[in-house]
file target12.txt (compact mmCIF, C-alpha atoms and all ligand atoms)
# COMPACT_ATOMS: atom_id res chain seq x y z
CA MET A 1 82.24 125.99 123.06
CA SER A 2 83.37 122.79 124.81
CA VAL A 3 86.42 120.83 123.63
CA ALA A 4 84.13 117.99 122.48
CA THR A 5 82.00 120.36 120.39
CA GLY A 6 85.18 121.91 118.97
CA VAL A 7 86.45 118.49 117.90
CA ILE A 8 83.11 117.63 116.28
CA MET A 9 82.95 120.99 114.47
CA LEU A 10 86.58 120.92 113.28
CA PRO A 11 86.02 118.79 110.14
CA ARG A 12 83.47 121.39 108.95
CA THR A 13 86.05 124.18 108.87
CA SER A 14 88.54 124.50 106.04
CA ILE A 15 91.53 124.36 108.42
CA GLY A 16 90.04 121.21 109.99
CA LYS A 17 89.75 119.61 106.55
CA LYS A 18 93.35 120.57 105.75
CA VAL A 19 94.52 118.99 109.02
CA ILE A 20 92.60 115.82 108.10
CA MET A 21 94.32 115.83 104.69
CA ALA A 22 97.73 116.37 106.31
CA ILE A 23 97.38 113.55 108.87
CA THR A 24 95.81 111.00 106.50
CA GLY A 25 98.36 111.98 103.83
CA LEU A 26 101.17 111.39 106.33
CA ILE A 27 99.80 107.90 107.07
CA TRP A 28 99.93 107.12 103.34
CA VAL A 29 103.42 108.62 102.97
CA GLY A 30 104.54 106.23 105.74
CA PHE A 31 102.80 103.31 104.03
CA VAL A 32 104.20 103.94 100.53
CA THR A 33 107.73 104.43 101.91
CA PHE A 34 107.55 101.17 103.85
CA HIS A 35 105.88 99.34 100.94
CA MET A 36 108.57 100.52 98.51
CA TYR A 37 111.30 99.34 100.91
CA GLY A 38 109.55 95.97 101.35
CA ASN A 39 109.17 95.49 97.59
CA LEU A 40 112.91 95.81 97.10
CA LYS A 41 113.29 92.52 99.00
CA ILE A 42 112.18 90.83 95.80
CA LEU A 43 115.77 91.28 94.60
CA ALA A 44 116.84 88.79 97.30
CA GLY A 45 114.76 85.98 95.75
CA ALA A 46 111.46 84.14 96.05
CA GLU A 47 111.99 82.55 99.44
CA TYR A 48 113.05 85.79 101.12
CA PHE A 49 110.30 87.89 99.52
CA ASN A 50 107.50 85.42 100.27
CA ALA A 51 108.76 85.04 103.84
CA TYR A 52 108.61 88.83 104.20
CA ALA A 53 105.01 88.91 102.88
CA GLU A 54 104.10 86.12 105.30
CA GLY A 55 105.93 88.02 108.09
CA LEU A 56 103.54 90.94 107.53
CA ARG A 57 100.66 88.60 108.35
CA SER A 58 102.24 87.37 111.56
CA LEU A 59 103.10 90.89 112.77
CA GLY A 60 102.32 91.38 116.45
CA ALA A 61 102.28 87.60 117.25
CA PRO A 62 101.70 86.09 119.75
CA ILE A 63 99.68 89.03 121.11
CA PHE A 64 97.74 89.37 117.87
CA GLY A 65 96.41 86.42 115.87
CA HIS A 66 97.51 85.61 112.30
CA GLY A 67 96.71 88.54 110.00
CA HIS A 68 94.96 90.55 112.72
CA LEU A 69 97.40 93.47 112.92
CA LEU A 70 97.53 93.58 109.11
CA PHE A 71 93.74 93.76 109.13
CA VAL A 72 93.88 96.77 111.49
CA ALA A 73 96.52 98.42 109.26
CA ARG A 74 94.26 97.88 106.23
CA LEU A 75 91.31 99.48 108.05
CA VAL A 76 93.47 102.49 108.97
CA LEU A 77 94.64 102.80 105.34
CA ILE A 78 91.11 102.58 103.90
CA PHE A 79 89.72 105.02 106.48
CA SER A 80 92.62 107.44 105.80
CA LEU A 81 92.15 107.23 102.04
CA LEU A 82 88.40 107.89 102.23
CA SER A 83 88.84 110.78 104.70
CA HIS A 84 91.59 112.25 102.51
CA ILE A 85 89.32 112.15 99.44
CA TRP A 86 86.31 113.50 101.38
CA ALA A 87 88.35 116.45 102.72
CA ALA A 88 89.81 117.17 99.25
CA VAL A 89 86.41 117.15 97.54
CA THR A 90 84.61 119.25 100.18
CA LEU A 91 87.52 121.74 100.32
CA ALA A 92 87.41 122.12 96.54
CA MET A 93 83.65 122.66 96.69
CA GLN A 94 84.05 125.29 99.45
CA ALA A 95 86.77 127.07 97.47
CA ARG A 96 84.57 127.13 94.36
CA GLY A 97 81.67 128.56 96.35
CA ALA A 98 83.85 131.27 97.95
CA ARG A 99 85.71 132.22 94.78
CA PRO A 100 85.00 135.68 93.34
CA ARG A 101 84.02 135.70 89.66
CA ASN A 102 87.28 137.04 88.27
CA TYR A 103 89.41 134.75 90.44
CA ALA A 104 90.51 132.63 87.48
CA LEU A 105 92.19 135.66 85.95
CA LYS A 106 94.17 136.37 89.10
CA LYS A 107 95.47 132.86 89.60
CA SER A 108 99.08 132.33 88.67
CA VAL A 109 99.81 129.78 85.95
CA GLN A 110 101.93 127.81 88.42
CA ALA A 111 99.12 127.54 91.00
CA THR A 112 96.69 126.38 88.30
CA PHE A 113 99.12 123.69 87.16
CA ALA A 114 99.78 122.47 90.73
CA SER A 115 96.07 122.27 91.59
CA LEU A 116 95.37 120.51 88.29
CA TYR A 117 97.99 117.82 88.72
CA ILE A 118 97.25 117.32 92.41
CA ARG A 119 93.54 116.75 91.65
CA TRP A 120 93.83 114.68 88.50
CA GLY A 121 96.89 112.89 89.87
CA GLY A 122 94.93 112.06 93.03
CA ILE A 123 92.05 110.65 90.97
CA ALA A 124 94.52 108.65 88.84
CA LEU A 125 96.20 107.27 91.98
CA PHE A 126 92.85 106.20 93.42
CA PHE A 127 92.04 104.17 90.29
CA PHE A 128 95.60 102.87 90.21
CA VAL A 129 95.25 101.49 93.77
CA LEU A 130 92.04 99.65 92.73
CA TYR A 131 93.77 98.25 89.64
CA HIS A 132 96.85 97.34 91.70
CA LEU A 133 94.78 95.44 94.29
CA ALA A 134 93.02 93.53 91.48
CA HIS A 135 96.43 92.83 89.90
CA LEU A 136 98.60 91.79 92.87
CA THR A 137 96.37 91.25 95.92
CA TRP A 138 93.16 89.71 94.62
CA GLY A 139 94.43 88.26 91.33
CA VAL A 140 91.31 89.13 89.35
CA PRO A 141 91.14 86.95 86.19
CA GLY A 142 91.80 89.03 83.07
CA ILE A 143 94.05 91.38 85.06
CA ASN A 144 96.46 88.77 86.44
CA ASN A 145 95.73 85.32 85.03
CA HIS A 146 98.75 83.66 86.66
CA PHE A 147 97.96 84.68 90.24
CA ILE A 148 98.83 82.15 92.95
CA PRO A 149 97.42 82.99 96.44
CA GLY A 150 100.19 83.23 99.06
CA ASN A 151 102.95 83.52 96.44
CA PRO A 152 103.53 87.27 95.89
CA TYR A 153 106.92 86.59 94.24
CA ASN A 154 105.23 84.62 91.46
CA ASN A 155 102.45 87.21 91.22
CA VAL A 156 104.88 90.12 90.77
CA VAL A 157 107.02 88.27 88.18
CA MET A 158 103.99 87.11 86.18
CA GLY A 159 102.21 90.43 86.74
CA PHE A 160 105.03 92.34 85.09
CA SER A 161 105.40 89.98 82.17
CA SER A 162 102.88 92.14 80.30
CA GLY A 163 103.81 95.48 78.67
CA PRO A 164 100.55 97.35 79.46
CA ALA A 165 100.87 96.55 83.20
CA ILE A 166 104.34 98.09 83.29
CA VAL A 167 103.09 101.20 81.47
CA PHE A 168 100.19 101.56 83.98
CA TYR A 169 102.57 101.29 86.93
CA TYR A 170 105.07 103.76 85.52
CA VAL A 171 102.36 106.33 84.72
CA ALA A 172 101.04 105.89 88.29
CA LEU A 173 104.56 106.40 89.66
CA ILE A 174 104.81 109.75 87.87
CA ALA A 175 101.46 110.75 89.44
CA LEU A 176 102.74 109.49 92.82
CA SER A 177 105.89 111.58 92.50
CA LEU A 178 103.99 114.83 91.76
CA HIS A 179 101.42 114.06 94.46
CA LEU A 180 104.13 113.39 97.04
CA TYR A 181 106.02 116.56 96.18
CA HIS A 182 103.02 118.87 96.37
CA GLY A 183 101.35 116.91 99.21
CA VAL A 184 104.35 116.82 101.55
CA TRP A 185 104.94 120.53 100.98
CA SER A 186 101.27 121.37 101.69
CA MET A 187 101.28 119.13 104.76
CA PHE A 188 104.06 121.20 106.34
CA GLN A 189 102.18 124.42 105.48
CA THR A 190 99.02 123.12 107.17
CA LEU A 191 100.82 121.94 110.27
CA GLY A 192 102.41 125.37 110.57
CA LEU A 193 105.96 124.15 110.06
CA ASN A 194 106.59 126.53 107.18
CA SER A 195 108.74 129.23 108.69
CA LYS A 196 111.25 130.85 106.30
CA GLU A 197 114.31 129.22 107.83
CA TYR A 198 112.93 125.70 107.27
CA SER A 199 111.39 126.41 103.87
CA SER A 200 114.30 125.10 101.78
CA MET A 201 114.66 122.03 104.06
CA ILE A 202 110.97 121.20 103.60
CA ARG A 203 111.28 121.58 99.80
CA LEU A 204 114.30 119.28 99.89
CA LEU A 205 112.47 116.66 101.97
CA ALA A 206 109.44 116.81 99.63
CA LEU A 207 111.75 116.49 96.62
CA ALA A 208 113.70 113.59 98.18
CA LEU A 209 110.49 111.64 98.86
CA ALA A 210 109.11 112.47 95.40
CA VAL A 211 112.26 111.06 93.79
CA VAL A 212 113.30 108.17 96.07
CA VAL A 213 109.89 106.51 96.63
CA PRO A 214 108.80 106.28 92.94
CA LEU A 215 112.32 105.27 91.85
CA GLY A 216 112.37 102.49 94.46
CA PHE A 217 108.95 101.28 93.27
CA ALA A 218 110.19 101.34 89.66
CA ILE A 219 113.01 98.85 90.41
CA PRO A 220 111.04 95.54 90.77
CA PRO A 221 109.19 95.81 87.42
CA LEU A 222 112.46 96.81 85.74
CA ALA A 223 114.26 93.86 87.36
CA VAL A 224 111.56 91.54 85.96
CA VAL A 225 111.86 93.04 82.47
CA LEU A 226 115.67 92.75 82.55
CA GLY A 227 115.45 89.12 83.69
CA ILE A 228 117.21 89.86 87.01
CA VAL A 229 114.10 88.67 88.90
CA THR A 230 112.76 85.48 87.29
CA LEU A 231 110.74 82.42 88.24
C1 LIG B 301 105.94 98.55 91.16
C2 LIG B 301 105.42 98.94 92.27
C3 LIG B 301 104.67 98.04 93.23
C4 LIG B 301 104.79 96.69 93.46
C5 LIG B 301 105.75 95.69 92.82
C6 LIG B 301 103.82 96.37 94.47
C7 LIG B 301 103.59 95.09 94.99
C8 LIG B 301 102.56 94.73 95.81
C9 LIG B 301 102.23 93.38 96.20
C10 LIG B 301 102.99 92.11 95.78
C11 LIG B 301 101.13 93.44 97.02
C12 LIG B 301 100.39 92.25 97.67
C13 LIG B 301 101.10 91.93 98.96
C14 LIG B 301 100.58 90.64 99.56
O1 LIG B 301 99.52 90.16 99.16
O2 LIG B 301 101.27 90.12 100.44
C15 LIG B 301 100.77 94.84 97.16
C16 LIG B 301 99.73 95.34 97.92
C17 LIG B 301 99.39 96.66 98.02
N1 LIG B 301 99.99 97.74 97.40
FE1 LIG B 301 101.56 97.64 96.15
N2 LIG B 301 103.15 97.51 94.86
C18 LIG B 301 103.64 98.56 94.11
C19 LIG B 301 103.25 99.89 94.15
C20 LIG B 301 102.27 100.39 94.98
C21 LIG B 301 101.89 101.78 95.08
C22 LIG B 301 102.57 102.91 94.29
C23 LIG B 301 100.88 101.87 95.99
C24 LIG B 301 100.12 103.06 96.50
C25 LIG B 301 100.03 104.21 95.91
C26 LIG B 301 100.61 100.53 96.45
C27 LIG B 301 99.63 100.19 97.36
C28 LIG B 301 99.34 98.89 97.77
C29 LIG B 301 98.27 98.56 98.68
C30 LIG B 301 97.30 99.54 99.34
C31 LIG B 301 98.31 97.16 98.86
C32 LIG B 301 97.42 96.30 99.76
C33 LIG B 301 98.14 96.08 101.07
C34 LIG B 301 97.41 95.05 101.89
O3 LIG B 301 96.24 95.24 102.14
O4 LIG B 301 98.04 94.05 102.23
N3 LIG B 301 101.48 99.65 95.83
N4 LIG B 301 101.65 95.61 96.41
call {"tool": "encode", "arguments": {"input": "target12.txt", "output": "structure tokens", "more": "lines below"}}
Ligand code: HEM
result
Amino acid sequence: MSVATGVIMLPRTSIGKKVIMAITGLIWVGFVTFHMYGNLKILAGAEYFNAYAEGLRSLGAPIFGHGHLLFVARLVLIFSLLSHIWAAVTLAMQARGARPRNYALKKSVQATFASLYIRWGGIALFFFVLYHLAHLTWGVPGINNHFIPGNPYNNVVMGFSSGPAIVFYYVALIALSLHLYHGVWSMFQTLGLNSKEYSSMIRLLALALAVVVPLGFAIPPLAVVLGIVTL
């Protein structure tokens, strides 16, 4: 089999799908970590935060035009998300097809719980991202009625002036935490970096991300509620 054929066939194998999940998951881990860090700039005030958001649009200038690199980043994110979901769904279907009848009895309670929360948490996160885009990127009427294009500081402050929005975000952050913990751990397994001597380090890294990223995200809504970040 030629290298080209091998590459084309890889996504059909279960290890190929796992590699796709690991790489696309890593892209999203990088994005959420950077996004969480960027959001914390809201604590420095409207001018600073809006300048940061505008800075994202002028990334790569003068080589890239206004918003062009951001556009490429968005394409990569969307492509990664769709590939991640495709690989997860087809892997689950393969596993169901290959599973012997009495498999359910043999599964440990822990494994069942992990696969349940990773699947349902993943579905919840997908719908959260759609809601979040409608809330803070597109400003869909009825979801964020006080949206001002080009003024993310205003949109975040007004967006978190409603109780249900905060509840949605915090529930999503719990799902994100569990997904990060299990996902980062699985990613290392897939990429073969799971030798015994690194096992506790990998668990620690997964735990650190699962705690630090959601906690960082939780700060801006809390700062709005406490009146630390105001219009
Ligand atoms: C409380 C937590 C969060 C806050 C305050 C927040 C804030 C924002 C804001 C203000 C924007 C619009 C940026 C702009 O138009 O310049 C945005 C975009 C976005 N956020 Fe969040 N975000 C939060 C959590 C999350 C989480 C947990 C995820 C993913 C799981 C996420 C994924 C995205 C995505 C994909 C975009 C679109 C990026 C783009 O295309 O420019 N956000 N967020």
call {"tool": "closest_residue", "arguments": {"input": "target12.txt", "among": "A:Phe147, A:Tyr52, A:Trp86, A:Phe217", "to": "ligand LIG 301 (chain B)", "atoms": "all atoms listed in the file"}}
result
A:Phe217
call {"tool": "closest_residue", "arguments": {"input": "target12.txt", "among": "A:Asn144, A:Ser83, A:Ser58, A:Asn151", "to": "ligand LIG 301 (chain B)", "atoms": "only C-alpha atoms and all ligand atoms"}}
result
A:Asn151
call {"tool": "atom_distance", "arguments": {"input": "target12.txt", "atom1": "atom CA of Ser199 of chain A", "atom2": "atom CA of Ile123 of chain A"}}
result
28.1 Å
call {"tool": "residues_near_ligand", "arguments": {"input": "target12.txt", "ligand": "ligand LIG 301 (chain B)", "cutoff": "6 Å", "atoms": "only C-alpha atoms and all ligand atoms", "output": "list in words"}}
result
Val32, Asn39, Ala53, Arg74, Val129, Leu136, Thr137, Pro152, Val156, Phe217, Ala218, Pro220 and Pro221 of chain A
call {"tool": "residues_near_point", "arguments": {"input": "target12.txt", "point": "(107.9, 90.1, 96.9)", "cutoff": "10 Å", "atoms": "all atoms listed in the file", "output": "list of chain:residue names"}}
result
A:Gly38, A:Asn39, A:Leu40, A:Lys41, A:Ile42, A:Leu43, A:Ala44, A:Gly45, A:Ala46, A:Glu47, A:Tyr48, A:Phe49, A:Asn50, A:Ala51, A:Tyr52, A:Ala53, A:Asn151, A:Pro152, A:Tyr153, A:Asn154, A:Asn155, A:Val156, A:Val157, A:Pro220
call {"tool": "residues_around", "arguments": {"input": "target12.txt", "residues": "Ile118 of chain A", "least_positions_apart": "6", "cutoff": "8 Å", "atoms": "only C-alpha atoms", "output": "list in words"}}
result
Leu178, His179, His182 and Gly183 of chain A
call {"tool": "write_last_selection", "arguments": {"input": "target12.txt", "atoms": "C-alpha atoms", "output": "tab-separated table (two decimals), in the frame of the given file"}}
result
chain	number	residue	atom	x	y	z
A	178	LEU	CA	103.99	114.83	91.76
A	179	HIS	CA	101.42	114.06	94.46
A	182	HIS	CA	103.02	118.87	96.37
A	183	GLY	CA	101.35	116.91	99.21
call {"tool": "decode", "arguments": {"input": "target12.txt", "residues": "segment 48-97 of chain A", "atoms": "N, CA and C atoms", "output": "mmCIF file, in the first residue's frame"}}
result
data_model
loop_
_atom_site.group_PDB
_atom_site.id
_atom_site.type_symbol
_atom_site.label_atom_id
_atom_site.label_comp_id
_atom_site.auth_asym_id
_atom_site.auth_seq_id
_atom_site.Cartn_x
_atom_site.Cartn_y
_atom_site.Cartn_z
ATOM 1 N N TYR A 48 -9.343 48.488 27.085
ATOM 2 C CA TYR A 48 -8.329 47.448 26.943
ATOM 3 C C TYR A 48 -8.922 46.192 26.304
ATOM 4 N N PHE A 49 -10.111 45.800 26.786
ATOM 5 C CA PHE A 49 -10.741 44.561 26.297
ATOM 6 C C PHE A 49 -11.165 44.709 24.837
ATOM 7 N N ASN A 50 -11.762 45.842 24.489
ATOM 8 C CA ASN A 50 -12.198 46.043 23.101
ATOM 9 C C ASN A 50 -11.000 46.161 22.161
ATOM 10 N N ALA A 51 -9.910 46.752 22.678
ATOM 11 C CA ALA A 51 -8.697 46.863 21.851
ATOM 12 C C ALA A 51 -8.125 45.468 21.593
ATOM 13 N N TYR A 52 -8.208 44.609 22.600
ATOM 14 C CA TYR A 52 -7.737 43.217 22.447
ATOM 15 C C TYR A 52 -8.563 42.499 21.376
ATOM 16 N N ALA A 53 -9.915 42.655 21.462
ATOM 17 C CA ALA A 53 -10.801 41.999 20.487
ATOM 18 C C ALA A 53 -10.508 42.512 19.074
ATOM 19 N N GLU A 54 -10.254 43.811 18.970
ATOM 20 C CA GLU A 54 -9.924 44.403 17.670
ATOM 21 C C GLU A 54 -8.555 43.886 17.206
ATOM 22 N N GLY A 55 -7.631 43.730 18.178
ATOM 23 C CA GLY A 55 -6.280 43.211 17.877
ATOM 24 C C GLY A 55 -6.356 41.832 17.233
ATOM 25 N N LEU A 56 -7.331 41.023 17.664
ATOM 26 C CA LEU A 56 -7.489 39.682 17.081
ATOM 27 C C LEU A 56 -7.800 39.779 15.589
ATOM 28 N N ARG A 57 -8.533 40.844 15.238
ATOM 29 C CA ARG A 57 -8.907 41.027 13.825
ATOM 30 C C ARG A 57 -7.743 41.517 12.984
ATOM 31 N N SER A 58 -6.816 42.243 13.622
ATOM 32 C CA SER A 58 -5.685 42.741 12.824
ATOM 33 C C SER A 58 -4.452 41.843 12.946
ATOM 34 N N LEU A 59 -4.649 40.637 13.513
ATOM 35 C CA LEU A 59 -3.535 39.681 13.618
ATOM 36 C C LEU A 59 -2.926 39.406 12.247
ATOM 37 N N GLY A 60 -1.600 39.387 12.199
ATOM 38 C CA GLY A 60 -0.921 39.037 10.951
ATOM 39 C C GLY A 60 -0.714 40.219 10.009
ATOM 40 N N ALA A 61 -1.225 41.443 10.386
ATOM 41 C CA ALA A 61 -1.053 42.629 9.529
ATOM 42 C C ALA A 61 0.426 43.026 9.526
ATOM 43 N N PRO A 62 1.003 43.564 8.493
ATOM 44 C CA PRO A 62 0.338 43.916 7.231
ATOM 45 C C PRO A 62 0.328 42.782 6.195
ATOM 46 N N ILE A 63 0.838 41.600 6.585
ATOM 47 C CA ILE A 63 0.877 40.521 5.586
ATOM 48 C C ILE A 63 -0.541 40.047 5.273
ATOM 49 N N PHE A 64 -1.356 39.929 6.327
ATOM 50 C CA PHE A 64 -2.748 39.536 6.112
ATOM 51 C C PHE A 64 -3.642 40.768 6.233
ATOM 52 N N GLY A 65 -4.728 40.786 5.495
ATOM 53 C CA GLY A 65 -5.684 41.892 5.569
ATOM 54 C C GLY A 65 -6.499 41.815 6.857
ATOM 55 N N HIS A 66 -7.299 42.854 7.106
ATOM 56 C CA HIS A 66 -8.096 42.938 8.334
ATOM 57 C C HIS A 66 -9.057 41.744 8.444
ATOM 58 N N GLY A 67 -8.904 41.000 9.546
ATOM 59 C CA GLY A 67 -9.817 39.872 9.800
ATOM 60 C C GLY A 67 -9.481 38.592 9.045
ATOM 61 N N HIS A 68 -8.456 38.637 8.160
ATOM 62 C CA HIS A 68 -8.207 37.458 7.328
ATOM 63 C C HIS A 68 -7.661 36.268 8.114
ATOM 64 N N LEU A 69 -6.682 36.561 9.014
ATOM 65 C CA LEU A 69 -6.103 35.451 9.782
ATOM 66 C C LEU A 69 -7.145 34.875 10.748
ATOM 67 N N LEU A 70 -7.987 35.768 11.280
ATOM 68 C CA LEU A 70 -9.064 35.326 12.175
ATOM 69 C C LEU A 70 -10.030 34.414 11.414
ATOM 70 N N PHE A 71 -10.261 34.767 10.158
ATOM 71 C CA PHE A 71 -11.141 33.968 9.304
ATOM 72 C C PHE A 71 -10.557 32.558 9.128
ATOM 73 N N VAL A 72 -9.237 32.493 8.891
ATOM 74 C CA VAL A 72 -8.569 31.197 8.729
ATOM 75 C C VAL A 72 -8.687 30.399 10.038
ATOM 76 N N ALA A 73 -8.462 31.097 11.175
ATOM 77 C CA ALA A 73 -8.550 30.417 12.480
ATOM 78 C C ALA A 73 -9.959 29.859 12.687
ATOM 79 N N ARG A 74 -10.972 30.637 12.284
ATOM 80 C CA ARG A 74 -12.357 30.169 12.421
ATOM 81 C C ARG A 74 -12.604 28.927 11.566
ATOM 82 N N LEU A 75 -12.064 28.934 10.343
ATOM 83 C CA LEU A 75 -12.232 27.764 9.466
ATOM 84 C C LEU A 75 -11.599 26.530 10.105
ATOM 85 N N VAL A 76 -10.387 26.717 10.670
ATOM 86 C CA VAL A 76 -9.685 25.592 11.304
ATOM 87 C C VAL A 76 -10.527 25.067 12.483
ATOM 88 N N LEU A 77 -11.087 26.005 13.273
ATOM 89 C CA LEU A 77 -11.891 25.603 14.431
ATOM 90 C C LEU A 77 -13.140 24.832 14.004
ATOM 91 N N ILE A 78 -13.829 25.347 12.981
ATOM 92 C CA ILE A 78 -15.063 24.682 12.532
ATOM 93 C C ILE A 78 -14.733 23.303 11.963
ATOM 94 N N PHE A 79 -13.686 23.254 11.126
ATOM 95 C CA PHE A 79 -13.289 21.975 10.518
ATOM 96 C C PHE A 79 -12.897 20.972 11.624
ATOM 97 N N SER A 80 -12.162 21.453 12.635
ATOM 98 C CA SER A 80 -11.731 20.574 13.732
ATOM 99 C C SER A 80 -12.938 20.062 14.501
ATOM 100 N N LEU A 81 -13.883 20.965 14.784
ATOM 101 C CA LEU A 81 -15.056 20.564 15.558
ATOM 102 C C LEU A 81 -15.860 19.496 14.811
ATOM 103 N N LEU A 82 -16.078 19.726 13.513
ATOM 104 C CA LEU A 82 -16.876 18.773 12.733
ATOM 105 C C LEU A 82 -16.157 17.426 12.608
ATOM 106 N N SER A 83 -14.827 17.461 12.409
ATOM 107 C CA SER A 83 -14.070 16.201 12.301
ATOM 108 C C SER A 83 -14.098 15.450 13.630
ATOM 109 N N HIS A 84 -13.992 16.210 14.729
ATOM 110 C CA HIS A 84 -13.996 15.625 16.071
ATOM 111 C C HIS A 84 -15.330 14.891 16.299
ATOM 112 N N ILE A 85 -16.422 15.553 15.931
ATOM 113 C CA ILE A 85 -17.752 14.962 16.127
ATOM 114 C C ILE A 85 -17.920 13.740 15.206
ATOM 115 N N TRP A 86 -17.501 13.886 13.945
ATOM 116 C CA TRP A 86 -17.616 12.773 12.990
ATOM 117 C C TRP A 86 -16.868 11.556 13.522
ATOM 118 N N ALA A 87 -15.615 11.758 13.982
ATOM 119 C CA ALA A 87 -14.809 10.630 14.471
ATOM 120 C C ALA A 87 -15.462 10.013 15.711
ATOM 121 N N ALA A 88 -16.003 10.861 16.598
ATOM 122 C CA ALA A 88 -16.632 10.347 17.831
ATOM 123 C C ALA A 88 -17.848 9.492 17.495
ATOM 124 N N VAL A 89 -18.682 9.994 16.576
ATOM 125 C CA VAL A 89 -19.921 9.275 16.239
ATOM 126 C C VAL A 89 -19.599 7.963 15.532
ATOM 127 N N THR A 90 -18.684 7.991 14.553
ATOM 128 C CA THR A 90 -18.394 6.761 13.800
ATOM 129 C C THR A 90 -17.649 5.741 14.684
ATOM 130 N N LEU A 91 -16.820 6.230 15.608
ATOM 131 C CA LEU A 91 -16.149 5.312 16.544
ATOM 132 C C LEU A 91 -17.179 4.625 17.433
ATOM 133 N N ALA A 92 -18.145 5.409 17.917
ATOM 134 C CA ALA A 92 -19.174 4.848 18.797
ATOM 135 C C ALA A 92 -19.999 3.812 18.041
ATOM 136 N N MET A 93 -20.272 4.103 16.760
ATOM 137 C CA MET A 93 -21.059 3.159 15.958
ATOM 138 C C MET A 93 -20.273 1.863 15.730
ATOM 139 N N GLN A 94 -18.962 2.017 15.465
ATOM 140 C CA GLN A 94 -18.098 0.834 15.258
ATOM 141 C C GLN A 94 -18.062 -0.007 16.531
ATOM 142 N N ALA A 95 -17.912 0.673 17.676
ATOM 143 C CA ALA A 95 -17.808 -0.032 18.956
ATOM 144 C C ALA A 95 -19.100 -0.792 19.232
ATOM 145 N N ARG A 96 -20.238 -0.187 18.903
ATOM 146 C CA ARG A 96 -21.524 -0.831 19.132
ATOM 147 C C ARG A 96 -21.643 -2.080 18.255
ATOM 148 N N GLY A 97 -21.195 -1.940 16.998
ATOM 149 C CA GLY A 97 -21.272 -3.067 16.071
ATOM 150 C C GLY A 97 -20.386 -4.225 16.502
#
